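So the structure is just underneath, and the comments pick up after that.
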Amino acid sequence: MKIRAYRQEDIKEIAELFYNTVHTVNAADYTEEQLNAWADGNIDMEAWNASFQEHITLVATAEKSEAAGGKKGTEQIIGFGDMDSAGYLDRLYVHKDFQRCGTATALCDRLEQTADAETITTHASITARPFFEKRGYQVVREQQVERKGALLTNYVMEKRKERRG
């Protein structure tokens with residue numbers, strides 16, 4: 001696995017990863033209606049690209065296997081994450097086939113290290129909450145977020161960065 005900065009040409013593959021991850025990984029915690037409201041397959045790629053370019057955005061890649069139809073030396077995006085300058089961890093998604101392989105941890109480690117903010121904040125899904133709790137994040141509050149007429153439960157979570165020096 002390699003971690004690199006986001007590039008504009010990543011957006012289409014990221015959009016597909018986002019949709020597929022939400023509809024498989026989060027399916028145990030959310031209804032089909034909620035999953036469709038969260039990820040309907042029609043993200044505003046211009047808006048996401050602009051957001052990624054304003055934020056610290058990292059992409060995790062792995063070499064495509066020839067068995068999976070990849071050409072030798074080509075990479076596939078297996079995860080991505082972004083954080084704004086205020087320390088808000090906006091998105092963190094890992095490909096459904098690369099869950100529990102350390103991708104989210106590696107992305108989070110890098111994003112947290114680069115943030116200037118003393119406190120990192122995120123809105124974690126039911127599915128992601130245990131991951132963030134293991135990283136030292138604490139639930140500030142549970143909330144219901146409305147997306148396209150469906151209510152989704154998530155958690156505002158915070159982590160104070162360790163001071164160095």
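We name chains A, B, ... following the order of the structure tokens; residues begin at 1 in each chain, and ligands are numbered from 1 as shown.
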
Counting only C-alpha atoms, give me one row per residue of range 42-95 of chain A with an atom at most 12 Å from an atom of range 25-34 of chain A, showing the shortest contact pair and its distance in Å to one decimal, sorted by chain then residue number, as a Markdown table.
```
| residue | atom | partner | partner_atom | distance |
| --- | --- | --- | --- | --- |
| A:Tyr93 | CA | A:Val25 | CA | 9.8 |
| A:Val94 | CA | A:Val25 | CA | 9.1 |
| A:His95 | CA | A:Val25 | CA | 8.8 |
```

Export of prior selection with N, CA, C and O atoms as a short mmCIF file (atom, residue, chain, number, x, y, z; two decimals), in the first residue's frame:
```cif
data_model
loop_
_atom_site.label_atom_id
_atom_site.label_comp_id
_atom_site.auth_asym_id
_atom_site.auth_seq_id
_atom_site.Cartn_x
_atom_site.Cartn_y
_atom_site.Cartn_z
N TYR A 93 -12.93 6.62 3.68
CA TYR A 93 -13.56 5.43 3.12
C TYR A 93 -12.49 4.48 2.61
O TYR A 93 -11.51 4.91 2.02
N VAL A 94 -12.74 3.19 2.83
CA VAL A 94 -11.82 2.14 2.39
C VAL A 94 -12.61 1.15 1.53
O VAL A 94 -13.71 0.73 1.89
N HIS A 95 -12.01 0.76 0.42
CA HIS A 95 -12.60 -0.20 -0.52
C HIS A 95 -13.10 -1.42 0.23
O HIS A 95 -12.42 -1.91 1.15
#
```

Which residues are near range 121-129 of chain A? Cut-off 12 Å, only C-alpha atoms, ignore same chain within fewer than 5 positions. Put them as a ChimeraX atom specification. /A:21-30,34-35,38,81-94,99-100,104-105,108,111-112,115,134-145,152-161

Which of chain A counts as strand (DSSP E or B) under DSSP, as a ChimeraX atom specification please? /A:2-5,56-63,75-83,88-94,119-125,138-147,150-160

Residues flagged helix (DSSP H, G or I) by DSSP in chain A, as a ChimeraX atom specification: /A:8-28,32-38,45-54,66-68,96-98,103-114,129-134

So how far away is CA of Phe52 in chain A from CA of Thr119 in chain A, in Å?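 Result for CA of Thr119 in chain A versus CA of Phe52 in chain A: 20.4 Å, one decimal.
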
How many Å separate CA of Ala15 in chain A from CA of Ile77 in chain A? 10.7 Å

Determine, counting only C-alpha atoms, which protein, DNA and RNA residues have an atom within 9 Å of an atom of Gln8 in chain A; residues of the same chain fewer than 2 positions away are not included. Present the result as a compact mmCIF listing (two decimals) with N, CA, C and O atoms, in the first residue's frame.
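Contents of the output file around_5.txt:
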```txt
# COMPACT_ATOMS: atom_id res chain seq x y z
N TYR A 6 -3.98 13.42 -3.21
CA TYR A 6 -5.07 13.33 -4.17
C TYR A 6 -4.72 14.07 -5.46
O TYR A 6 -4.06 15.10 -5.44
N ASP A 10 -8.32 11.29 -9.94
CA ASP A 10 -8.77 10.24 -9.02
C ASP A 10 -10.27 10.25 -8.79
O ASP A 10 -10.83 9.28 -8.30
N ILE A 11 -10.94 11.36 -9.12
CA ILE A 11 -12.31 11.58 -8.67
C ILE A 11 -13.28 10.50 -9.11
O ILE A 11 -14.12 10.06 -8.32
N LYS A 12 -13.20 10.03 -10.33
CA LYS A 12 -14.16 9.01 -10.82
C LYS A 12 -14.00 7.70 -10.03
O LYS A 12 -14.98 7.11 -9.58
N ASN A 49 -14.35 17.42 -5.99
CA ASN A 49 -13.00 17.75 -6.42
C ASN A 49 -12.54 19.06 -5.78
O ASN A 49 -11.43 19.16 -5.27
N PHE A 52 -11.85 18.42 -2.14
CA PHE A 52 -10.60 17.67 -1.98
C PHE A 52 -9.40 18.58 -2.17
O PHE A 52 -8.38 18.44 -1.49
N GLN A 53 -9.48 19.50 -3.12
CA GLN A 53 -8.35 20.39 -3.39
C GLN A 53 -8.17 21.44 -2.29
O GLN A 53 -7.06 21.89 -2.06
```

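Interatomic distance, CA of Gly149 in chain A to CA of Gly79 in chain A: 28.1 Å.
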
Counting only C-alpha atoms, which of A:Phe131, A:Arg7, A:Ile120, A:Leu151 gets nearest to Ala50 in chain A?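 Going through A:Phe131, A:Arg7, A:Ile120, A:Leu151 one by one, the smallest distance to Ala50 in chain A is for A:Arg7.
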
Skip Ile3 in chain A itself and residues of its chain fewer than 5 positions away, then list as a ChimeraX atom specification all residues within 8 Å of it, counting only C-alpha atoms. /A:58-61,107
